[in-house]
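Down below is the structure, laid out as structure tokens.
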Amino acid sequence: MSNDRIDDIFEEAFKGSNIFRNKNVLFHDYIPERLPFRESQINRVAKIFSSLIRREKGSNVFIYGKPGTGKTAVIKYVLNKFTDFVREKGINIHTSYVNCRIAGTEYRVLTSIAQDIGLHLPFTGLSVEEALSRVIFKIKNDNIPFLIIFDEIDVLISRYGDKILYSLTRSGYESLSVPYVIVGISNNLRFKEYLDPRVLSSLGEEEIVFKPYTASELEVILRERASIAFYKDAIDLAAIKLAAALSAAEHGDARKALDMLRVAGEIAEEKGASKVSEDHVREAYSRIDVERTYEVVRSLPLHSKLIILSLIKVGGGPIQASKLFGVYKSICESIGEKPLSYRRFHGLITELSLLGIANRRIYNYGRRGGRISSIRIDGSINEILNIIRDDPLLEDIAF
DNA sequence: TTTCCACCGGAAAATGAGGTCC
DNA sequence: GGACCTCATTTTCCGGTGGAAA
């Protein structure tokens with residue numbers, strides 16, 4: 001890139017945008033002042049939290065809904081108001097919000113809770129049992145009401161079981177008179193199958209279901225956000241309607257709708273347009289998919305990329321798994337890399353197909369041919385190859 | 001109905017790198 | 001300093017599984 005071009009970019013940034021007034025409101029983590037169509041859920045959650053103000057045990061609650069239906073936004077919205085209120089009134093309540101998928105492990109979930117209740121835990125070196133008992137001891141010792149929100153709780157439960165939930169509920173109000181509320185948020189309605197009946201009866205006292213937004217609801221949400229995010233007259237109403245309709249067709253996902261508006265605005269800026277149009281939204285719709293593929297492939301580990309290269313080497317497939325394994329081993333040898341076991345290779349194929357990079361189909365040829373797993377690449381070979389070429393380790397062998 | 005093929009995927013163990021505790 | 005811990009990744013083992021062929 002020439003110095004002139006870099007200077008142009010800096011110059012444009014200095015001048016500022018003529019499209020966006022405040023792009024931040026189109027990102028997922030922005031909590032708006034108003035959450036339309038979620039008033040009843042907000043009231044129910046606020047009522048549950050409010051019992052702690054009176055030092056009374058509140059109902060625990062499970063919250064369900066598909067991605068982008070406003071679960072996390074509602075909880076964070078009420079939590080912000082709640083913490084502001086108790087701080088103002090000088091009421092001492094421990095609150096903790098932990099995203100179980102981002103935390104990743106049982107131990108890190110405990111570390112996050114510990115931090116929020118003013119307890120230091122080393123980031124490794126203790127057993128989960130020890131960490132849990134320190135958290136419980138701190139709660140007992142402080143005798144302060146506590147509110148813990150487990151977002152994406154299904155990830156924690158399906159991987160590690162319900163030990164933390166069981167211990168927290170057993171050590172709470174019943175034995176110590178410490179009022180508490182535990183909130184579990186999940187995309188998956190069926191995760192309760194993993195719970196011990198005692199935990200289920202204790203935690204499932206209330207359930208709130210978030211239905212997907214309809215196209216007209218999404219339109220109202222987008223119009224509100226767009227009025228803050230864009231300058232007056234910098235976006236067509238038709239563009240907002242289109243983004244709402246496209247997202248409504250995909251399970252009413254508000255996050256995707258906001259992404260679409262943001263990317264459409266960026267495209268309009270790149271093209272020097274004065275207004276975001278329907279065409280920009282359409283382009284954003286396809287660009288979001290390409291960007292997703294780019295991010296997914298770019299962040300894959302080396303051997304997953306080698307498997308993709310093996311698939312590209314055979315023209316994208318379809319190819320039998322065992323034969324693909326042979327191609328993969330030869331590529332590994334050519335770069336002096338030790339190939340993984342077949343079991344691990346098989347696991348990576350499963351991951352690639354879950355990510356939508358590869359497509360696996362099973363054919364059964366019975367006694368003569370057995371059960372054949374046929375794998376092919378899903379998406380544009382050239383596009384994926386270009387992404388893999390960005391990896392310095394693979395730029396020379398990516399044919 | 002049984003056999004057989006190639007694969008699926010759960011479970012446990014191994015590995016190695018980071019750390020804490022006493 | 002040695003025992004013990006987490007964590008991510010990988011290997012090893014092995015009991016399914018579907019369905020055409022025998």
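In the structure tokens, chains take the letters A, B, ... in the order shown, each chain's residues start at 1, and ligands count up from 1 in the order shown.
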
>> Using only C-alpha atoms (C1' of nucleotides) and a cut-off of 10 Å, which residues of chain B sit close to chain A? Please list them as JSON, numbers by chain.
In response: {"B": [3, 4, 5, 6, 7, 8, 9, 18, 19, 20, 21]}

> as number ranges by chain, which residues of region 106-247 of chain A does DSSP assign to helix (DSSP H, G or I)?
Replying inline: A: 106-116, 128-142, 153-160, 163-170, 173-176, 189-194, 197-203, 215-229, 237-247

How close does chain C get to chain A? List, as a Markdown table, each residue of chain C within 10 Å, its nearest atom pair and the distance in Å to one decimal, counting only C-alpha atoms (C1' of nucleotides).
```
| residue | atom | partner | partner_atom | distance |
| --- | --- | --- | --- | --- |
| C:DC4 | C1' | A:Gly125 | CA | 8.0 |
| C:DC5 | C1' | A:Gly125 | CA | 4.3 |
| C:DT6 | C1' | A:Thr124 | CA | 5.6 |
| C:DC7 | C1' | A:Thr105 | CA | 8.7 |
| C:DT9 | C1' | A:Arg344 | CA | 9.6 |
| C:DT10 | C1' | A:Arg344 | CA | 6.9 |
| C:DT11 | C1' | A:Ser341 | CA | 7.0 |
| C:DT12 | C1' | A:Arg343 | CA | 9.2 |
| C:DT17 | C1' | A:Arg371 | CA | 9.2 |
| C:DG18 | C1' | A:Asn364 | CA | 6.9 |
| C:DG19 | C1' | A:Gly366 | CA | 5.3 |
| C:DA20 | C1' | A:Gly366 | CA | 3.6 |
| C:DA21 | C1' | A:Arg367 | CA | 5.4 |
| C:DA22 | C1' | A:Arg367 | CA | 8.6 |
```

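If you look at C1' of DA8 (chain C) and CA of Asp151 (chain A), they are 22.8 Å away from each other.
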
Counting only C-alpha atoms (C1' of nucleotides), what is within 6 Å of region 63-79 of chain A, bar same-chain residues fewer than 3 positions away, as a compact mmCIF listing (two decimals) with N, CA, C and O atoms, in the first residue's frame?
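The result, stored in out_22.txt:
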```txt
# COMPACT_ATOMS: atom_id res chain seq x y z
N PHE A 82 -30.52 -2.20 38.33
CA PHE A 82 -30.53 -2.75 39.69
C PHE A 82 -29.28 -2.32 40.46
O PHE A 82 -29.37 -1.85 41.60
N ILE A 185 -29.36 -18.46 31.61
CA ILE A 185 -29.82 -18.08 30.27
C ILE A 185 -29.34 -19.12 29.28
O ILE A 185 -28.17 -19.53 29.32
N SER A 186 -30.23 -19.56 28.40
CA SER A 186 -29.84 -20.62 27.47
C SER A 186 -30.55 -20.47 26.12
O SER A 186 -31.69 -20.03 26.06
N ASN A 187 -29.83 -20.85 25.05
CA ASN A 187 -30.45 -20.92 23.72
C ASN A 187 -31.16 -22.26 23.55
O ASN A 187 -31.95 -22.43 22.63
N GLU A 207 -39.76 -19.52 34.68
CA GLU A 207 -39.19 -19.64 33.34
C GLU A 207 -39.70 -18.49 32.48
O GLU A 207 -40.88 -18.16 32.54
N ILE A 208 -38.81 -17.89 31.73
CA ILE A 208 -39.22 -16.82 30.82
C ILE A 208 -38.74 -17.20 29.42
O ILE A 208 -37.57 -17.53 29.23
N VAL A 209 -39.68 -17.20 28.47
CA VAL A 209 -39.32 -17.58 27.10
C VAL A 209 -39.33 -16.33 26.22
O VAL A 209 -40.29 -15.54 26.27
N PHE A 210 -38.27 -16.14 25.46
CA PHE A 210 -38.17 -15.02 24.53
C PHE A 210 -38.46 -15.51 23.12
O PHE A 210 -37.71 -16.31 22.57
N PRO A 212 -38.87 -15.15 18.98
CA PRO A 212 -38.16 -14.36 17.96
C PRO A 212 -38.95 -13.11 17.60
O PRO A 212 -40.18 -13.10 17.66
N ASP A 253 -33.57 -12.67 14.19
CA ASP A 253 -32.34 -12.41 14.93
C ASP A 253 -31.99 -10.92 14.87
O ASP A 253 -31.55 -10.41 13.84
N ALA A 254 -32.17 -10.22 16.01
CA ALA A 254 -31.92 -8.77 16.03
C ALA A 254 -30.44 -8.46 15.87
O ALA A 254 -30.08 -7.44 15.29
N ARG A 255 -29.58 -9.35 16.37
CA ARG A 255 -28.13 -9.11 16.25
C ARG A 255 -27.73 -9.06 14.79
O ARG A 255 -26.95 -8.22 14.36
```

> CA of Arg159 (chain A) and CA of Cys100 (chain A), how far apart in Å?
Replying inline: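 So the answer is 10.5 Å.
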
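CA of Val25 (chain A) sits 24.1 Å away from CA of Ser96 (chain A).
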
Quick one: everything within 10 Å of region 300-314 of chain A, counting only C-alpha atoms (C1' of nucleotides), minus sequence neighbours fewer than 4 positions away in the same chain. Send it as a JSON list (two decimals) with N, CA, C and O atoms, in the first residue's frame.
```json
[["chain", "number", "residue", "atom", "x", "y", "z"],
["A", 295, "GLU", "N", -13.24, -15.35, 8.79],
["A", 295, "GLU", "CA", -12.85, -15.41, 10.20],
["A", 295, "GLU", "C", -12.71, -16.85, 10.66],
["A", 295, "GLU", "O", -11.78, -17.20, 11.38],
["A", 296, "VAL", "N", -13.68, -17.69, 10.25],
["A", 296, "VAL", "CA", -13.67, -19.09, 10.70],
["A", 296, "VAL", "C", -12.43, -19.79, 10.16],
["A", 296, "VAL", "O", -11.68, -20.41, 10.92],
["A", 318, "PRO", "N", -16.44, -34.78, -3.83],
["A", 318, "PRO", "CA", -16.48, -35.63, -2.64],
["A", 318, "PRO", "C", -15.43, -36.73, -2.66],
["A", 318, "PRO", "O", -15.07, -37.21, -3.73],
["A", 319, "ILE", "N", -14.96, -37.07, -1.46],
["A", 319, "ILE", "CA", -13.95, -38.12, -1.32],
["A", 319, "ILE", "C", -14.22, -38.88, -0.02],
["A", 319, "ILE", "O", -14.67, -38.29, 0.97],
["A", 324, "LEU", "N", -9.22, -39.56, 2.02],
["A", 324, "LEU", "CA", -8.80, -38.18, 2.33],
["A", 324, "LEU", "C", -7.70, -38.19, 3.38],
["A", 324, "LEU", "O", -6.77, -37.39, 3.33],
["A", 325, "PHE", "N", -7.78, -39.14, 4.30],
["A", 325, "PHE", "CA", -6.76, -39.25, 5.34],
["A", 325, "PHE", "C", -5.39, -39.52, 4.71],
["A", 325, "PHE", "O", -4.37, -38.98, 5.14],
["A", 326, "GLY", "N", -5.38, -40.34, 3.66],
["A", 326, "GLY", "CA", -4.13, -40.63, 2.93],
["A", 326, "GLY", "C", -3.55, -39.37, 2.30],
["A", 326, "GLY", "O", -2.34, -39.11, 2.41],
["A", 327, "VAL", "N", -4.42, -38.57, 1.68],
["A", 327, "VAL", "CA", -3.97, -37.32, 1.05],
["A", 327, "VAL", "C", -3.42, -36.38, 2.13],
["A", 327, "VAL", "O", -2.35, -35.76, 1.97],
["A", 328, "TYR", "N", -4.15, -36.31, 3.24],
["A", 328, "TYR", "CA", -3.73, -35.44, 4.36],
["A", 328, "TYR", "C", -2.35, -35.86, 4.87],
["A", 328, "TYR", "O", -1.47, -35.01, 5.11],
["A", 329, "LYS", "N", -2.13, -37.18, 5.00],
["A", 329, "LYS", "CA", -0.82, -37.64, 5.51],
["A", 329, "LYS", "C", 0.30, -37.26, 4.55],
["A", 329, "LYS", "O", 1.39, -36.86, 4.98],
["A", 330, "SER", "N", 0.02, -37.36, 3.24],
["A", 330, "SER", "CA", 1.08, -37.03, 2.28],
["A", 330, "SER", "C", 1.41, -35.52, 2.33],
["A", 330, "SER", "O", 2.57, -35.13, 2.20],
["A", 331, "ILE", "N", 0.39, -34.69, 2.54],
["A", 331, "ILE", "CA", 0.65, -33.24, 2.66],
["A", 331, "ILE", "C", 1.47, -32.97, 3.93],
["A", 331, "ILE", "O", 2.41, -32.18, 3.91],
["A", 332, "CYS", "N", 1.12, -33.65, 5.01],
["A", 332, "CYS", "CA", 1.87, -33.49, 6.27],
["A", 332, "CYS", "C", 3.35, -33.84, 6.04],
["A", 332, "CYS", "O", 4.24, -33.10, 6.46],
["A", 337, "GLU", "N", 5.52, -32.22, 8.84],
["A", 337, "GLU", "CA", 4.64, -32.14, 10.00],
["A", 337, "GLU", "C", 4.14, -33.54, 10.34],
["A", 337, "GLU", "O", 3.75, -34.29, 9.43],
["A", 338, "LYS", "N", 4.14, -33.90, 11.63],
["A", 338, "LYS", "CA", 3.67, -35.23, 12.03],
["A", 338, "LYS", "C", 2.14, -35.28, 11.89],
["A", 338, "LYS", "O", 1.44, -34.45, 12.49],
["A", 339, "PRO", "N", 1.61, -36.25, 11.09],
["A", 339, "PRO", "CA", 0.14, -36.29, 10.96],
["A", 339, "PRO", "C", -0.55, -36.72, 12.26],
["A", 339, "PRO", "O", 0.01, -37.46, 13.04],
["A", 340, "LEU", "N", -1.77, -36.24, 12.44],
["A", 340, "LEU", "CA", -2.55, -36.64, 13.61],
["A", 340, "LEU", "C", -3.11, -38.04, 13.41],
["A", 340, "LEU", "O", -3.11, -38.56, 12.29],
["A", 344, "ARG", "N", -8.37, -38.34, 15.62],
["A", 344, "ARG", "CA", -8.33, -36.87, 15.72],
["A", 344, "ARG", "C", -8.74, -36.24, 14.40],
["A", 344, "ARG", "O", -9.47, -35.25, 14.36],
["A", 345, "PHE", "N", -8.23, -36.84, 13.30],
["A", 345, "PHE", "CA", -8.58, -36.39, 11.95],
["A", 345, "PHE", "C", -10.11, -36.41, 11.81],
["A", 345, "PHE", "O", -10.73, -35.46, 11.33],
["A", 347, "GLY", "N", -12.31, -36.28, 14.17],
["A", 347, "GLY", "CA", -12.89, -35.22, 15.01],
["A", 347, "GLY", "C", -12.82, -33.86, 14.33],
["A", 347, "GLY", "O", -13.77, -33.08, 14.40],
["A", 348, "LEU", "N", -11.70, -33.60, 13.65],
["A", 348, "LEU", "CA", -11.56, -32.31, 12.96],
["A", 348, "LEU", "C", -12.53, -32.21, 11.78],
["A", 348, "LEU", "O", -13.06, -31.14, 11.49],
["A", 349, "ILE", "N", -12.76, -33.34, 11.10],
["A", 349, "ILE", "CA", -13.74, -33.35, 10.00],
["A", 349, "ILE", "C", -15.13, -32.98, 10.54],
["A", 349, "ILE", "O", -15.86, -32.20, 9.96],
["A", 351, "GLU", "N", -15.75, -31.20, 13.19],
["A", 351, "GLU", "CA", -15.75, -29.76, 13.50],
["A", 351, "GLU", "C", -15.93, -28.93, 12.24],
["A", 351, "GLU", "O", -16.72, -27.98, 12.22],
["A", 352, "LEU", "N", -15.21, -29.31, 11.17],
["A", 352, "LEU", "CA", -15.30, -28.55, 9.91],
["A", 352, "LEU", "C", -16.71, -28.60, 9.35],
["A", 352, "LEU", "O", -17.21, -27.62, 8.80],
["A", 357, "ILE", "N", -17.74, -25.54, 6.78],
["A", 357, "ILE", "CA", -16.63, -25.45, 5.83],
["A", 357, "ILE", "C", -16.58, -26.71, 4.97],
["A", 357, "ILE", "O", -16.24, -26.67, 3.80],
["A", 358, "ALA", "N", -16.90, -27.84, 5.60],
["A", 358, "ALA", "CA", -16.94, -29.11, 4.86],
["A", 358, "ALA", "C", -18.34, -29.70, 4.99],
["A", 358, "ALA", "O", -19.09, -29.35, 5.91],
["A", 375, "ILE", "N", -16.87, -36.78, 1.88],
["A", 375, "ILE", "CA", -16.64, -35.40, 2.32],
["A", 375, "ILE", "C", -16.34, -34.50, 1.13],
["A", 375, "ILE", "O", -15.59, -34.89, 0.24],
["A", 376, "ARG", "N", -16.96, -33.35, 1.13],
["A", 376, "ARG", "CA", -16.62, -32.35, 0.11],
["A", 376, "ARG", "C", -16.56, -30.97, 0.75],
["A", 376, "ARG", "O", -17.08, -30.76, 1.84],
["A", 377, "ILE", "N", -15.89, -30.08, 0.05],
["A", 377, "ILE", "CA", -15.74, -28.73, 0.59],
["A", 377, "ILE", "C", -17.07, -27.97, 0.39],
["A", 377, "ILE", "O", -17.76, -28.20, -0.60],
["A", 381, "ILE", "N", -13.90, -22.82, -3.50],
["A", 381, "ILE", "CA", -12.54, -23.32, -3.29],
["A", 381, "ILE", "C", -11.53, -22.17, -3.36],
["A", 381, "ILE", "O", -10.64, -22.06, -2.52],
["A", 382, "ASN", "N", -11.69, -21.30, -4.37],
["A", 382, "ASN", "CA", -10.72, -20.21, -4.54],
["A", 382, "ASN", "C", -10.72, -19.26, -3.33],
["A", 382, "ASN", "O", -9.67, -18.84, -2.86],
["A", 384, "ILE", "N", -11.61, -19.96, -0.23],
["A", 384, "ILE", "CA", -11.02, -20.62, 0.94],
["A", 384, "ILE", "C", -9.50, -20.73, 0.77],
["A", 384, "ILE", "O", -8.73, -20.50, 1.71],
["A", 385, "LEU", "N", -9.08, -21.05, -0.47],
["A", 385, "LEU", "CA", -7.64, -21.16, -0.75],
["A", 385, "LEU", "C", -6.93, -19.84, -0.48],
["A", 385, "LEU", "O", -5.84, -19.80, 0.10],
["A", 387, "ILE", "N", -7.77, -17.58, 1.61],
["A", 387, "ILE", "CA", -7.68, -17.34, 3.06],
["A", 387, "ILE", "C", -6.54, -18.16, 3.65],
["A", 387, "ILE", "O", -5.75, -17.67, 4.46],
["A", 388, "ILE", "N", -6.42, -19.43, 3.18],
["A", 388, "ILE", "CA", -5.37, -20.30, 3.71],
["A", 388, "ILE", "C", -3.99, -19.78, 3.31],
["A", 388, "ILE", "O", -3.03, -19.87, 4.07],
["A", 391, "ASP", "N", -1.87, -17.74, 5.64],
["A", 391, "ASP", "CA", -1.09, -18.36, 6.71],
["A", 391, "ASP", "C", 0.35, -18.53, 6.24],
["A", 391, "ASP", "O", 0.60, -19.24, 5.27],
["A", 393, "LEU", "N", 2.73, -20.25, 7.18],
["A", 393, "LEU", "CA", 3.22, -21.64, 7.14],
["A", 393, "LEU", "C", 2.77, -22.38, 5.89],
["A", 393, "LEU", "O", 3.37, -23.37, 5.48],
["A", 394, "LEU", "N", 1.66, -21.89, 5.31],
["A", 394, "LEU", "CA", 1.05, -22.65, 4.21],
["A", 394, "LEU", "C", 1.10, -21.93, 2.87],
["A", 394, "LEU", "O", 0.64, -22.47, 1.87],
["A", 397, "ILE", "N", 2.67, -24.02, 0.02],
["A", 397, "ILE", "CA", 2.11, -25.28, -0.48],
["A", 397, "ILE", "C", 0.65, -25.15, -0.88],
["A", 397, "ILE", "O", 0.06, -26.08, -1.39],
["A", 398, "ALA", "N", 0.06, -23.98, -0.61],
["A", 398, "ALA", "CA", -1.34, -23.81, -1.03],
["A", 398, "ALA", "C", -1.37, -23.62, -2.54],
["A", 398, "ALA", "O", -1.18, -22.54, -3.03],
["A", 399, "PHE", "N", -1.60, -24.72, -3.27],
["A", 399, "PHE", "CA", -1.51, -24.75, -4.74],
["A", 399, "PHE", "C", -2.54, -23.82, -5.38],
["A", 399, "PHE", "O", -3.58, -23.60, -4.87]]
```

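Residue-level DSSP output for region 183-283 of chain A, from the backbone, shows strand (DSSP E) at Val183, Gly184, Ile185, Ser186, Glu206, Glu207, Ile208, Val209 and Phe210 of chain A.
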
Limited to C-alpha atoms, could you put the picked residues into a file as a PDB file, in the first residue's frame?
```
ATOM      1  CA  VAL A 183     -30.474 -16.751  36.658  1.00  0.00           C
ATOM      2  CA  GLY A 184     -29.669 -19.219  33.892  1.00  0.00           C
ATOM      3  CA  ILE A 185     -29.822 -18.078  30.268  1.00  0.00           C
ATOM      4  CA  SER A 186     -29.841 -20.616  27.466  1.00  0.00           C
ATOM      5  CA  GLU A 206     -39.662 -19.384  37.077  1.00  0.00           C
ATOM      6  CA  GLU A 207     -39.190 -19.636  33.340  1.00  0.00           C
ATOM      7  CA  ILE A 208     -39.220 -16.816  30.819  1.00  0.00           C
ATOM      8  CA  VAL A 209     -39.323 -17.576  27.104  1.00  0.00           C
ATOM      9  CA  PHE A 210     -38.165 -15.017  24.528  1.00  0.00           C
TER      10      PHE A 210
END
```
